[in-house]
Every structure is written in structure tokens, then in C-alpha cells.
$ cat coords-v3.cif   # mmCIF, C-alpha atoms (C1' of nucleotides)
data_query
loop_
_atom_site.label_atom_id
_atom_site.label_comp_id
_atom_site.auth_asym_id
_atom_site.auth_seq_id
_atom_site.Cartn_x
_atom_site.Cartn_y
_atom_site.Cartn_z
CA MET A 7 109.16 58.94 130.11
CA LYS A 8 111.56 60.93 128.06
CA ASP A 9 112.95 60.08 124.69
CA ALA A 10 114.24 63.46 123.52
CA ILE A 11 118.03 63.51 123.28
CA GLN A 12 119.60 65.49 126.08
CA PRO A 13 121.71 68.54 125.25
CA ARG A 14 124.78 66.94 126.76
CA THR A 15 124.45 64.07 124.31
CA LEU A 16 124.98 66.47 121.44
CA LYS A 17 127.81 68.14 123.32
CA THR A 18 129.59 64.86 123.96
CA ARG A 19 129.10 63.80 120.36
CA ALA A 20 130.52 67.11 119.19
CA LYS A 21 133.50 66.73 121.51
CA LEU A 22 134.18 63.26 120.11
CA THR A 23 133.87 64.15 116.43
CA GLY A 24 135.76 67.40 116.99
CA ALA A 25 138.62 65.62 118.69
CA ALA A 26 138.68 62.99 115.97
CA GLU A 27 138.73 65.58 113.21
CA ALA A 28 141.59 67.44 114.84
CA LEU A 29 143.62 64.27 115.26
CA ILE A 30 142.93 63.25 111.66
CA ALA A 31 143.96 66.68 110.42
CA ASP A 32 147.29 66.16 112.17
CA HIS A 33 148.05 62.51 111.55
CA GLY A 34 145.62 61.17 108.95
CA TYR A 35 142.80 58.68 109.13
CA ASP A 36 144.82 55.50 109.35
CA ALA A 37 146.67 56.66 112.46
CA LEU A 38 143.52 57.46 114.44
CA ARG A 39 143.18 55.55 117.71
CA VAL A 40 139.99 55.41 119.75
CA ASP A 41 142.03 55.88 122.94
CA GLU A 42 143.43 59.13 121.62
CA VAL A 43 140.01 60.37 120.59
CA VAL A 44 138.44 59.81 124.00
CA LYS A 45 141.47 61.27 125.74
CA ALA A 46 141.34 64.38 123.58
CA ALA A 47 137.58 64.62 124.05
CA GLY A 48 137.92 64.19 127.79
CA VAL A 49 135.49 61.29 128.08
CA ALA A 50 135.73 57.62 128.99
CA LYS A 51 136.20 54.92 126.42
CA GLY A 52 132.77 53.45 126.95
CA THR A 53 131.24 56.77 126.06
CA PHE A 54 132.71 56.54 122.59
CA PHE A 55 130.93 53.26 121.95
CA ALA A 56 127.71 54.61 123.40
CA HIS A 57 127.77 57.14 120.58
CA PHE A 58 129.23 55.04 117.78
CA LYS A 59 128.61 51.38 117.13
CA ASP A 60 132.30 50.94 116.42
CA LYS A 61 135.31 52.83 115.14
CA ASP A 62 134.14 52.24 111.58
CA ALA A 63 130.89 54.09 112.28
CA LEU A 64 132.85 57.21 113.21
CA MET A 65 134.93 56.86 110.06
CA ASP A 66 131.76 56.41 108.04
CA LEU A 67 130.42 59.65 109.49
CA LEU A 68 133.57 61.73 109.04
CA ILE A 69 134.50 60.45 105.60
CA GLY A 70 130.87 60.66 104.51
CA ALA A 71 130.72 64.28 105.62
CA LYS A 72 133.87 65.06 103.67
CA ILE A 73 132.53 63.47 100.50
CA ASP A 74 129.25 65.30 100.97
CA GLY A 75 131.13 68.57 100.95
CA LEU A 76 132.87 67.59 97.73
CA LEU A 77 129.53 66.63 96.20
CA ASP A 78 128.24 70.09 97.08
CA ASP A 79 131.07 71.53 95.01
CA LEU A 80 130.36 69.02 92.27
CA GLU A 81 126.72 70.00 92.04
CA ARG A 82 127.65 73.64 91.66
CA GLN A 83 129.71 72.95 88.55
CA PRO A 84 128.48 73.38 84.99
CA VAL A 85 127.15 70.27 83.28
CA PRO A 86 130.11 68.44 81.68
CA GLY A 87 129.89 68.19 77.92
CA SER A 88 132.44 65.42 77.49
CA THR A 89 133.99 62.51 79.33
CA ALA A 90 137.06 64.66 79.92
CA ASP A 91 134.94 67.31 81.62
CA LEU A 92 133.18 64.64 83.62
CA ILE A 93 136.46 63.25 84.85
CA ALA A 94 137.77 66.70 85.68
CA ALA A 95 134.65 67.43 87.69
CA MET A 96 135.04 64.26 89.73
CA ASP A 97 138.76 64.75 90.26
CA PRO A 98 138.64 66.29 93.76
CA MET A 99 136.40 63.49 94.95
CA MET A 100 138.65 60.82 93.50
CA ARG A 101 141.65 62.45 95.03
CA PHE A 102 140.14 62.46 98.49
CA MET A 103 138.91 58.89 98.17
CA THR A 104 142.44 57.74 97.34
CA CYS A 105 144.30 60.00 99.75
CA GLU A 106 144.96 56.98 101.96
CA ARG A 107 144.66 53.29 101.31
CA TYR A 108 142.78 53.00 104.60
CA VAL A 109 140.26 55.64 103.54
CA PHE A 110 139.57 53.83 100.29
CA ASP A 111 139.07 50.57 102.17
CA VAL A 112 136.59 52.20 104.52
CA ILE A 113 134.72 53.69 101.58
CA LEU A 114 134.59 50.36 99.78
CA ARG A 115 133.33 48.63 102.87
CA HIS A 116 130.56 51.18 103.33
CA SER A 117 129.76 52.06 99.74
CA GLY A 118 126.99 49.50 99.53
CA ALA A 119 125.00 50.25 102.67
CA ALA A 120 127.06 49.63 105.75
CA MET A 121 126.86 46.16 107.19
CA SER A 122 123.60 45.53 105.43
CA ASP A 123 121.43 46.79 108.30
CA GLN A 124 120.89 50.43 107.56
CA ILE A 125 122.14 52.95 105.06
CA GLY A 126 125.10 54.97 106.30
CA PRO A 127 126.68 58.32 105.40
CA ILE A 128 129.09 56.97 102.81
CA ALA A 129 126.43 54.82 101.17
CA ASN A 130 124.31 57.94 101.00
CA THR A 131 127.00 59.85 99.15
CA PHE A 132 127.16 57.08 96.58
CA GLY A 133 123.45 57.47 96.05
CA ARG A 134 123.81 61.21 95.73
CA HIS A 135 126.69 60.87 93.32
CA LEU A 136 124.64 58.52 91.22
CA THR A 137 121.81 61.03 90.99
CA VAL A 138 124.06 63.94 90.07
CA VAL A 139 125.94 62.01 87.40
CA ALA A 140 122.74 60.57 85.96
CA GLU A 141 121.33 64.07 85.67
CA TRP A 142 124.46 65.21 83.90
CA LEU A 143 124.47 62.33 81.47
CA ARG A 144 120.80 62.72 80.60
CA ASP A 145 121.37 65.67 78.30
CA GLY A 146 124.98 65.11 77.28
CA PRO A 147 126.41 63.87 73.99
CA PHE A 148 126.39 60.28 75.14
CA ARG A 149 124.83 57.01 74.08
CA ARG A 150 121.04 56.85 74.09
CA ASP A 151 120.38 53.11 74.08
CA ILE A 152 120.48 52.82 77.87
CA SER A 153 119.08 54.90 80.71
CA ALA A 154 121.02 57.73 82.31
CA LEU A 155 120.86 55.92 85.62
CA LEU A 156 122.43 52.81 84.14
CA MET A 157 125.14 54.93 82.60
CA ALA A 158 125.78 56.54 85.98
CA GLU A 159 125.99 53.15 87.68
CA GLY A 160 128.62 52.16 85.17
CA VAL A 161 130.54 55.36 85.83
CA GLN A 162 130.63 54.41 89.49
CA ALA A 163 131.78 50.88 88.73
CA PHE A 164 134.67 52.19 86.64
CA LEU A 165 135.46 54.86 89.19
CA VAL A 166 135.89 52.23 91.87
CA GLN A 167 137.91 50.03 89.52
CA VAL A 168 140.26 52.87 88.64
CA MET A 169 140.79 53.82 92.26
CA ALA A 170 141.41 50.21 93.21
CA LEU A 171 144.00 49.87 90.46
CA HIS A 172 145.61 53.05 91.73
CA PHE A 173 146.69 51.13 94.83
CA CYS A 174 147.81 48.17 92.79
CA ALA A 175 151.53 47.54 92.51
CA ILE A 176 151.43 46.72 88.81
CA HIS A 177 149.19 49.46 87.52
CA SER A 178 149.86 52.37 89.82
CA ASP A 179 152.14 53.95 87.26
CA VAL A 180 149.26 54.63 84.90
CA ASP A 181 147.43 57.80 85.80
CA MET A 182 143.96 57.41 87.29
CA GLN A 183 142.52 60.07 85.01
CA ASP A 184 143.96 58.55 81.84
CA ARG A 185 142.64 55.13 82.71
CA LEU A 186 139.21 56.46 83.59
CA GLN A 187 139.13 58.36 80.30
CA VAL A 188 139.58 55.13 78.37
CA TYR A 189 136.89 53.36 80.38
CA LEU A 190 134.33 56.15 80.19
CA ASP A 191 134.83 56.75 76.47
CA ALA A 192 134.14 53.09 75.86
CA TRP A 193 131.21 53.05 78.26
CA LEU A 194 129.48 56.33 77.45
CA MET A 195 130.33 56.74 73.78
CA PRO A 196 130.64 53.28 72.23
CA LYS A 197 131.42 53.28 68.53
CA GLY A 198 130.46 49.70 67.87
CA MET B 6 175.35 29.68 104.29
CA LYS B 7 172.15 27.92 103.50
CA ASP B 8 169.05 29.31 101.99
CA ALA B 9 167.12 26.20 101.11
CA ILE B 10 163.90 25.88 103.08
CA GLN B 11 164.01 23.13 105.67
CA PRO B 12 161.60 20.21 105.38
CA ARG B 13 160.01 21.06 108.72
CA THR B 14 159.12 24.49 107.38
CA LEU B 15 156.90 22.90 104.78
CA LYS B 16 155.48 20.56 107.37
CA THR B 17 154.60 23.36 109.77
CA ARG B 18 153.07 25.40 106.96
CA ALA B 19 150.98 22.43 105.92
CA LYS B 20 149.85 21.91 109.50
CA LEU B 21 148.79 25.55 109.72
CA THR B 22 146.94 25.72 106.43
CA GLY B 23 145.42 22.31 107.03
CA ALA B 24 144.13 23.30 110.44
CA ALA B 25 142.80 26.56 109.07
CA GLU B 26 141.01 24.82 106.22
CA ALA B 27 139.40 22.35 108.59
CA LEU B 28 138.21 25.11 110.90
CA ILE B 29 136.86 27.12 107.98
CA ALA B 30 135.04 24.09 106.64
CA ASP B 31 133.31 23.82 110.00
CA HIS B 32 132.64 27.42 110.94
CA GLY B 33 133.30 29.62 107.92
CA TYR B 34 135.96 32.20 107.16
CA ASP B 35 134.68 35.02 109.35
CA ALA B 36 134.79 32.91 112.49
CA LEU B 37 138.40 31.85 112.07
CA ARG B 38 140.68 32.81 114.97
CA VAL B 39 144.45 32.65 114.85
CA ASP B 40 144.51 31.16 118.35
CA GLU B 41 142.35 28.28 117.22
CA VAL B 42 144.49 27.67 114.16
CA VAL B 43 147.72 27.43 116.12
CA LYS B 44 146.07 25.27 118.76
CA ALA B 45 144.72 22.89 116.14
CA ALA B 46 148.05 22.87 114.35
CA GLY B 47 149.91 22.23 117.60
CA VAL B 48 152.32 25.13 117.26
CA ALA B 49 152.95 28.38 119.10
CA LYS B 50 151.34 31.63 118.08
CA GLY B 51 154.60 33.19 117.01
CA THR B 52 155.09 30.38 114.54
CA PHE B 53 151.97 31.44 112.70
CA PHE B 54 153.35 34.91 112.12
CA ALA B 55 156.71 33.52 111.11
CA HIS B 56 154.90 31.84 108.23
CA PHE B 57 152.30 34.49 107.42
CA LYS B 58 152.76 38.24 107.58
CA ASP B 59 149.35 38.53 109.19
CA LYS B 60 145.97 36.81 109.34
CA ASP B 61 145.03 38.44 106.06
CA ALA B 62 147.94 36.77 104.31
CA LEU B 63 146.57 33.35 105.25
CA MET B 64 143.15 34.37 104.03
CA ASP B 65 144.69 35.63 100.80
CA LEU B 66 146.31 32.24 100.33
CA LEU B 67 143.29 30.10 101.15
CA ILE B 68 140.73 32.19 99.31
CA GLY B 69 143.10 32.61 96.39
CA ALA B 70 143.55 28.84 96.18
CA LYS B 71 139.79 28.35 96.18
CA ILE B 72 139.28 30.87 93.38
CA ASP B 73 142.10 29.26 91.44
CA GLY B 74 140.24 25.99 91.56
CA LEU B 75 137.12 27.66 90.26
CA LEU B 76 139.12 29.27 87.47
CA ASP B 77 140.38 25.85 86.51
CA ASP B 78 136.77 24.79 86.03
CA LEU B 79 136.05 27.98 84.18
CA GLU B 80 138.86 27.42 81.71
CA ARG B 81 137.57 23.97 80.92
CA GLN B 82 134.21 25.30 79.82
CA PRO B 83 133.22 25.98 76.19
CA VAL B 84 133.65 29.54 74.97
CA PRO B 85 130.49 31.49 75.85
CA GLY B 86 128.58 32.78 72.84
CA SER B 87 126.48 35.32 74.69
CA THR B 88 126.45 37.48 77.78
CA ALA B 89 124.06 35.00 79.36
CA ASP B 90 126.53 32.17 78.79
CA LEU B 91 129.33 34.33 80.13
CA ILE B 92 127.39 35.04 83.29
CA ALA B 93 126.47 31.38 83.71
CA ALA B 94 130.11 30.41 83.37
CA MET B 95 131.17 32.86 86.06
CA ASP B 96 128.36 31.92 88.42
CA PRO B 97 130.25 29.49 90.68
CA MET B 98 133.02 32.05 91.15
CA MET B 99 130.57 34.80 92.00
CA ARG B 100 128.78 32.56 94.42
CA PHE B 101 131.94 31.72 96.27
CA MET B 102 133.09 35.33 96.35
CA THR B 103 129.82 36.36 97.96
CA CYS B 104 129.42 33.39 100.28
CA GLU B 105 130.34 35.62 103.19
CA ARG B 106 130.55 39.36 103.53
CA TYR B 107 133.95 38.89 105.15
CA VAL B 108 135.22 36.87 102.21
CA PHE B 109 134.15 39.55 99.77
CA ASP B 110 135.88 42.21 101.85
CA VAL B 111 139.10 40.21 101.89
CA ILE B 112 138.89 39.74 98.13
CA LEU B 113 138.29 43.44 97.54
CA ARG B 114 141.20 44.37 99.74
CA HIS B 115 143.53 42.03 97.88
CA SER B 116 142.13 42.24 94.36
CA GLY B 117 144.52 44.98 93.37
CA ALA B 118 147.85 43.59 94.54
CA ALA B 119 147.93 43.15 98.27
CA MET B 120 149.23 46.09 100.24
CA SER B 121 150.98 47.50 97.22
CA ASP B 122 154.24 45.69 97.91
CA GLN B 123 153.95 42.42 96.06
CA ILE B 124 151.31 40.59 94.12
CA GLY B 125 149.36 38.06 96.17
CA PRO B 126 147.28 34.96 95.39
CA ILE B 127 143.95 36.75 95.06
CA ALA B 128 145.43 39.50 92.90
CA ASN B 129 146.83 36.74 90.72
CA THR B 130 143.43 35.18 90.24
CA PHE B 131 142.10 38.52 89.07
CA GLY B 132 144.86 38.61 86.49
CA ARG B 133 144.06 35.08 85.42
CA HIS B 134 140.37 35.81 85.21
CA LEU B 135 141.12 38.83 83.07
CA THR B 136 143.11 36.72 80.63
CA VAL B 137 140.50 34.01 80.35
CA VAL B 138 137.63 36.43 79.82
CA ALA B 139 139.61 38.48 77.31
CA GLU B 140 140.33 35.33 75.35
CA TRP B 141 136.65 34.44 75.37
CA LEU B 142 135.56 37.88 74.25
CA ARG B 143 138.08 38.06 71.44
CA ASP B 144 136.08 35.82 69.13
CA GLY B 145 132.58 36.33 70.47
CA PRO B 146 129.68 38.29 69.00
CA PHE B 147 130.62 41.42 70.90
CA ARG B 148 131.62 44.98 70.11
CA ARG B 149 134.78 45.46 68.06
CA ASP B 150 135.65 49.08 68.73
CA ILE B 151 137.69 48.31 71.84
CA SER B 152 140.25 45.65 72.72
CA ALA B 153 139.25 42.35 74.27
CA LEU B 154 141.38 43.18 77.29
CA LEU B 155 139.53 46.43 77.86
CA MET B 156 136.23 44.59 77.57
CA ALA B 157 137.43 42.06 80.13
CA GLU B 158 138.50 44.82 82.51
CA GLY B 159 135.00 46.24 82.27
CA VAL B 160 133.51 42.84 82.96
CA GLN B 161 135.54 42.72 86.16
CA ALA B 162 134.46 46.21 87.17
CA PHE B 163 130.81 45.29 86.76
CA LEU B 164 131.33 41.97 88.46
CA VAL B 165 132.67 43.72 91.53
CA GLN B 166 129.89 46.28 91.42
CA VAL B 167 127.21 43.59 91.23
CA MET B 168 128.70 41.66 94.12
CA ALA B 169 129.01 44.81 96.21
CA LEU B 170 125.37 45.66 95.57
CA HIS B 171 124.47 42.13 96.60
CA PHE B 172 125.46 43.03 100.14
CA CYS B 173 123.65 46.34 99.99
CA ALA B 174 120.48 46.72 101.99
CA ILE B 175 118.61 48.53 99.25
CA HIS B 176 119.50 46.45 96.25
CA SER B 177 119.98 42.98 97.63
CA ASP B 178 116.53 41.96 96.43
CA VAL B 179 117.55 42.20 92.80
CA ASP B 180 119.31 39.06 91.63
CA MET B 181 123.04 39.31 90.97
CA GLN B 182 122.74 37.50 87.66
CA ASP B 183 119.94 39.72 86.39
CA ARG B 184 121.79 42.85 87.28
CA LEU B 185 125.00 41.64 85.69
CA GLN B 186 123.09 40.74 82.55
CA VAL B 187 121.92 44.34 82.17
CA TYR B 188 125.41 45.70 82.74
CA LEU B 189 127.19 43.30 80.42
CA ASP B 190 124.68 43.72 77.62
CA ALA B 191 125.22 47.45 77.76
CA TRP B 192 128.98 47.07 78.02
CA LEU B 193 129.67 44.31 75.54
CA MET B 194 126.91 44.85 73.00
CA PRO B 195 126.08 48.56 72.89
CA LYS B 196 123.42 49.51 70.41
CA GLY B 197 124.18 53.21 70.34
"C1'" DA C 18 181.58 14.26 117.01
"C1'" DT C 19 182.13 18.92 117.75
"C1'" DT C 20 181.55 23.44 116.50
"C1'" DA C 21 179.45 27.33 114.37
"C1'" DG C 22 176.22 29.69 111.98
"C1'" DT C 23 171.59 29.76 110.21
"C1'" DT C 24 166.81 29.01 110.50
"C1'" DA C 25 162.61 27.80 112.96
"C1'" DT C 26 159.96 27.86 117.21
"C1'" DT C 27 158.38 29.52 121.48
"C1'" DG C 28 155.35 32.06 124.67
"C1'" DA C 29 155.18 36.00 127.49
"C1'" DC C 30 153.92 40.37 126.30
"C1'" DC C 31 151.85 44.38 123.88
"C1'" DA C 32 148.30 47.27 121.14
"C1'" DT C 33 143.95 48.25 120.26
"C1'" DG C 34 139.08 47.71 119.49
"C1'" DG C 35 135.09 46.59 122.03
"C1'" DT C 36 131.84 45.17 126.36
"C1'" DC C 37 129.11 45.73 130.43
"C1'" DA C 38 127.73 46.11 135.33
"C1'" DT C 39 127.88 50.06 138.05
"C1'" DT C 40 127.50 54.90 139.03
"C1'" DT C 41 126.24 59.56 137.91
"C1'" DT C 42 123.43 62.92 135.75
"C1'" DT C 43 119.32 64.61 134.06
"C1'" DA C 44 114.41 66.03 133.83
"C1'" DA C 45 109.72 65.25 134.85
"C1'" DA C 46 106.20 64.29 138.49
"C1'" DT C 47 104.87 64.88 143.21
"C1'" DA D 27 112.63 70.16 147.50
"C1'" DT D 28 112.22 65.10 147.00
"C1'" DT D 29 111.54 61.21 144.48
"C1'" DT D 30 112.13 58.47 140.62
"C1'" DA D 31 112.93 56.45 136.27
"C1'" DA D 32 115.23 56.98 132.05
"C1'" DA D 33 119.51 58.26 129.78
"C1'" DA D 34 124.35 58.95 129.79
"C1'" DA D 35 128.97 58.23 131.38
"C1'" DT D 36 132.48 55.44 133.56
"C1'" DG D 37 136.53 52.39 133.64
"C1'" DA D 38 137.91 47.85 134.72
"C1'" DC D 39 137.89 44.11 131.88
"C1'" DC D 40 137.93 41.10 127.73
"C1'" DA D 41 139.06 39.37 122.81
"C1'" DT D 42 142.11 39.05 119.43
"C1'" DG D 43 145.74 40.21 116.27
"C1'" DG D 44 150.51 40.90 116.35
"C1'" DT D 45 155.73 41.45 118.32
"C1'" DC D 46 160.22 40.02 119.84
"C1'" DA D 47 164.08 38.49 122.68
"C1'" DA D 48 165.29 34.06 124.01
"C1'" DT D 49 165.68 29.19 122.87
"C1'" DA D 50 165.79 25.01 120.21
"C1'" DA D 51 166.55 22.55 116.02
"C1'" DC D 52 168.79 22.05 112.00
"C1'" DT D 53 172.88 21.74 108.49
"C1'" DA D 54 177.38 22.11 106.89
"C1'" DA D 55 182.22 22.38 107.70
"C1'" DT D 56 186.07 20.83 110.46
#
$ encode --input "coords-v3.cif" --output "C-alpha cells"
Amino acid sequence: MKDAIQPRTLKTRAKLTGAAEALIADHGYDALRVDEVVKAAGVAKGTFFAHFKDKDALMDLLIGAKIDGLLDDLERQPVPGSTADLIAAMDPMMRFMTCERYVFDVILRHSGAAMSDQIGPIANTFGRHLTVVAEWLRDGPFRRDISALLMAEGVQAFLVQVMALHFCAIHSDVDMQDRLQVYLDAWLMPKG
Amino acid sequence: MKDAIQPRTLKTRAKLTGAAEALIADHGYDALRVDEVVKAAGVAKGTFFAHFKDKDALMDLLIGAKIDGLLDDLERQPVPGSTADLIAAMDPMMRFMTCERYVFDVILRHSGAAMSDQIGPIANTFGRHLTVVAEWLRDGPFRRDISALLMAEGVQAFLVQVMALHFCAIHSDVDMQDRLQVYLDAWLMPKG
DNA sequence: ATTAGTTATTGACCATGGTCATTTTTAAAT
DNA sequence: ATTTAAAAATGACCATGGTCAATAACTAAT
């Protein structure tokens, strides 16, 4: 009996993700087709689904990896001392998450633990983001009547709201940053 | 030149939506297939897409109509005097929106103006909901440092967050209402 | 009634994600 | 080396949403 993953499994996986990344670099996420991925990777279609539950699982992996990279950058930054700094720090992440409507949809779908069976890459990044932001807020000049974690959860809620409105016909004219500023000021530094 | 819609157009539309509603009543939203709808309606497949841009557009219509009905009920209720009352008032809506994972996904996708071209039924209900809640908050015992509309927008952001977490593997054990209570207390009645 | 132009309907066809019985490859045991 | 059982890969096939050129049904003008 063997249960250790064979070397070729890793190689095939790498070929698939590599091919997918190259195609995405050229034509974006939305335009990715499974047929093109397997053709570029030089494997059969069935092989793709032996490695990934479905197309969404690949997207979860790739987009999750991208966000993880951006979170690495985020963690390296100095602790923000104001909502404006906070927003500036999160800007690259927001920009990636809204680079394509399709990407944002995938993120939304996976943000709260993919398909409710097990936690996926994107869901993980949301957890990580929560931790980082909570840590930041703990010692900042913000409200003290609620926990840092609760504050961070609210930041995420408003982040999602702002990005969603970004794709909205009516509100897309208002800048994401400006809108988030209003929300976060009211959430993190209430004057009432 | 004529531009008035023919009577049969309305009739076909009614047949399609009627068939869809019946099928959904029996098997839920997620299980709905276009083929079954057209078969039940007694029309060809192409006819479906002559009436609806895609399957999502039908879902937008049907789910939007359902939410509209719930908003009618909501408007008839007495003005909530606390966050608990507010949450209780919104309960039926939340329950419907989370009745199926698929339904929630459709709602999310359409909440901010469908596909960025024109405002759809679901997006409309979000606008309506915003108005109703803002009106409620205007005279309630809540914070006064921000506008009622801004408060209402926050309520929506937290509402979405709570519903998303409901489908999350990690957090689904915590009750939606309880979680929303924490959020809304912190948002509408900050003590800092 | 006939004609003409517009609108609605049709169904064969396509695009694309996903499945599964079969075959091939691998690695451990003999 | 041979055998053998598990793991991986294959590709024909299916499910389902969506398209479009051709056709039928309507309505208004003559």
C-alpha cells in the first residue's frame, strides 16, 4: 500500500497551474478555458479534474495565492495611524480584487469557506487579513468600546461593500477609496 | 412601424415565469433547468432567451419579486425602537436570502446593479431596503454623528457579511441574529 | 384581402464545464 | 525480473446554458 503522492503528481499539477497562470497573464481570469489549460499543459481533460474539483477550485488556488502575496506586502508595512493610512495600505489588495468583475465574484463566492465543506485558499486569506487588521487596530487611535477583532470584521464588511458598489452602475463614479474613508471613519472613530 | 408589445409576448412571458415558479416551488432554485422551464411552458428553448438575457435574468426577476413582497411586509411594520427590533423586522428577508446557497450567490451577484449595464430587480430591492431602513433610523435612538442613509448602508454591509458567514464552515454555528446584533449595536450605538 | 414590414418563435447547433470506465504508469513485494 | 495493487492519466461522452439563421405570426397600410 502506498499513499505518498507520486512525483509526477506534483509535476502534472505544476504544469496545470503554470499553464493557467500563463494564460491568465495573457488574457485575464475571465477568459480562461479549461480546454486551453489542459492543451497548454499537455494533458487530457480528465486529468485536470483529477487535480481540481472544478474550475473554481483552480481559481480559488490562483487568486488565493495572489492575495497571499499582497498580504505579505501588507504585513511588512508600518502600522497605520489613521483610517487614511489603513485604506492606503489595503489599496493594492482592493485593486487586485476588483481588477475583473469575474475575479470579485470568485472571491465573494469563496470568501466564507468554499462550498461549506472545507476552508479554501481565498477563505484563508480573509482570515489572515482579519488577523493583520485586528493587530493594527489594537494599538491605533480608534474606538475602544469594542474588540479589535470586531473592528476588523467590520472593516472587511465595508471593504466588500465598497468593492461591490464599485461594480454598480449607479455608484461606480464615486471613488472606492473615498467611500471607504467615509465608512471607516464612522466605524472606527464614531463621534456619537 | 410598431413598437407596442404584442399580447402574445405577455402570454409567453407569463407561461415562462409561471412554469419556473412552479418548478422552483417543487424543487428549489438551484435545481431549476432552462430545459425544464421551456418544456413546462410549452415553448422552444430559443424563446426563453428571447425573453430573458440569460438564466440569471430570470432568477433576478423571480428572486427580486420575492424580496419585494417581503419588503412590502417590512414597510407595514411599526418603526423599530432598538437594534433587536430592527433585526426581528428584517428576519424574514434574511431567511429567504439564505434559504439556499445558490439564492444568496445570485443575490450577491445582482445586489450592485446587475452586470453594470442597467439596474435589475434585485438591485432595486437593495435600494428600497436602504430607503426603508434609513427612514427607520432617522428618528430612532441611534447615533447622530452620521446621516441616516450612511447608517442604513452600514446595516446592509453587515447584513451581507452575516449572511455570508452563515454559509461559512467555521462560523455557521453562531446564529445569524446574534451576530448581527453585535454588529449593529457597535455600528448604530457606539459607546466610544 | 393582399401586401409588406415588424416582431415572436423555432430547433438544430455550439461552447464549455464536468464525468467515468478503461488504460497506463508507478513502486513495492516476491 | 515478474507480479501486483494502488495511483494517475486518458478521451469519449454527457449536461446544460446559450446562439442564430430560418420560419411563422402578427399588425397596419393599401
$ interface_residues --input "coords-v3.cif" --of "chain C" --to "chain A" --cutoff "10 Å" --atoms "only C-alpha atoms (C1' of nucleotides)" --output "list in words"
DT33, DG34, DG35, DT36, DC37, DT42, DT43, DA44 and DA45 of chain C
$ write_last_selection --input "coords-v3.cif" --atoms "C-alpha atoms (C1' of nucleotides)" --output "compact mmCIF listing (two decimals), keeping the file's coordinate frame"
# COMPACT_ATOMS: atom_id res chain seq x y z
C1' DT C 33 143.95 48.25 120.26
C1' DG C 34 139.08 47.71 119.49
C1' DG C 35 135.09 46.59 122.03
C1' DT C 36 131.84 45.17 126.36
C1' DC C 37 129.11 45.73 130.43
C1' DT C 42 123.43 62.92 135.75
C1' DT C 43 119.32 64.61 134.06
C1' DA C 44 114.41 66.03 133.83
C1' DA C 45 109.72 65.25 134.85
$ interface_residues --input "coords-v3.cif" --of "chain A" --to "chain B" --cutoff "10 Å" --atoms "all atoms listed in the file" --output "ChimeraX atom specification"
/A:107,110-111,114-125,129,148-152,156-157,159-160,162-178,188-189,192-198
$ resolve_selection --input "coords-v3.cif" --expression "the PyMOL selection byres ((chain C and resi 27-31) around 7)" --output "MDAnalysis selection string"
(chainID B and resid 49 51) or (chainID C and resid 26 32)
$ write_last_selection --input "coords-v3.cif" --atoms "C-alpha atoms (C1' of nucleotides)" --output "mmCIF file, keeping the file's coordinate frame"
data_model
loop_
_atom_site.group_PDB
_atom_site.id
_atom_site.type_symbol
_atom_site.label_atom_id
_atom_site.label_comp_id
_atom_site.auth_asym_id
_atom_site.auth_seq_id
_atom_site.Cartn_x
_atom_site.Cartn_y
_atom_site.Cartn_z
ATOM 1 C CA ALA B 49 152.950 28.380 119.100
ATOM 2 C CA GLY B 51 154.600 33.190 117.010
ATOM 3 C "C1'" DT C 26 159.960 27.860 117.210
ATOM 4 C "C1'" DA C 32 148.300 47.270 121.140
#
$ interface_residues --input "coords-v3.cif" --of "chain D" --to "chain B" --cutoff "9 Å" --atoms "all atoms listed in the file" --output "PDB file with C-alpha atoms (C1' of nucleotides), in the frame of the given file"
ATOM      1  C1'  DT D  42     142.110  39.050 119.430  1.00  0.00           C
ATOM      2  C1'  DG D  43     145.740  40.210 116.270  1.00  0.00           C
ATOM      3  C1'  DG D  44     150.510  40.900 116.350  1.00  0.00           C
ATOM      4  C1'  DT D  45     155.730  41.450 118.320  1.00  0.00           C
ATOM      5  C1'  DC D  52     168.790  22.050 112.000  1.00  0.00           C
ATOM      6  C1'  DT D  53     172.880  21.740 108.490  1.00  0.00           C
ATOM      7  C1'  DA D  54     177.380  22.110 106.890  1.00  0.00           C
TER       8       DA D  54
END
$ resolve_selection --input "coords-v3.cif" --expression "the PyMOL selection byres ((chain C and resi 19) around 12)" --output "list in words"
DA18, DT20 and DA21 of chain C; DA55 and DT56 of chain D
$ axis_aligned_box --input "coords-v3.cif" --around "segment 23-26 of chain C" --padding-each-side "8 Å" --output "lines of an AutoDock Vina configuration file"
center_x = 165.8
center_y = 28.8
center_z = 113.7
size_x = 27.6
size_y = 18.0
size_z = 23.0
$ atom_distance --input "coords-v3.cif" --atom1 "atom CA of Pro98 of chain A" --atom2 "atom CA of Asp62 of chain A"
23.1 Å
$ atom_distance --input "coords-v3.cif" --atom1 "atom CA of Tyr35 of chain A" --atom2 "atom CA of Thr18 of chain A"
20.8 Å
$ atom_distance --input "coords-v3.cif" --atom1 "atom CA of Ala46 of chain A" --atom2 "atom CA of Leu67 of chain A"
18.4 Å
$ resolve_selection --input "coords-v3.cif" --expression "the PyMOL selection byres ((chain B and resi 138) around 9)" --output "list in words"
Leu91, Arg133, His134, Leu135, Thr136, Val137, Ala139, Glu140, Trp141, Leu142, Arg143, Ala153, Leu154, Met156, Ala157, Glu158 and Val160 of chain B
$ build_atoms --input "coords-v3.cif" --residues "segment 60-68 of chain A" --atoms "N, CA, C and O atoms" --output "compact mmCIF listing (two decimals), in the coordinates of the input"
# COMPACT_ATOMS: atom_id res chain seq x y z
N ASP A 60 130.90 51.33 116.38
CA ASP A 60 132.30 50.94 116.42
C ASP A 60 133.13 52.03 115.76
O ASP A 60 132.59 53.04 115.30
N LYS A 61 134.42 51.82 115.71
CA LYS A 61 135.31 52.83 115.14
C LYS A 61 134.92 53.13 113.69
O LYS A 61 134.98 54.28 113.24
N ASP A 62 134.53 52.10 112.97
CA ASP A 62 134.14 52.24 111.58
C ASP A 62 132.97 53.21 111.41
O ASP A 62 132.89 53.93 110.41
N ALA A 63 132.05 53.21 112.38
CA ALA A 63 130.89 54.09 112.28
C ALA A 63 131.33 55.55 112.34
O ALA A 63 130.77 56.41 111.64
N LEU A 64 132.32 55.84 113.16
CA LEU A 64 132.85 57.21 113.21
C LEU A 64 133.49 57.57 111.88
O LEU A 64 133.27 58.65 111.34
N MET A 65 134.26 56.63 111.35
CA MET A 65 134.93 56.86 110.06
C MET A 65 133.88 57.08 108.97
O MET A 65 134.03 57.98 108.14
N ASP A 66 132.85 56.27 109.00
CA ASP A 66 131.76 56.41 108.04
C ASP A 66 131.22 57.84 108.09
O ASP A 66 131.05 58.51 107.06
N LEU A 67 130.98 58.30 109.30
CA LEU A 67 130.42 59.65 109.49
C LEU A 67 131.36 60.73 108.96
O LEU A 67 130.96 61.60 108.18
N LEU A 68 132.63 60.67 109.39
CA LEU A 68 133.57 61.73 109.04
C LEU A 68 133.90 61.72 107.55
O LEU A 68 133.90 62.77 106.90
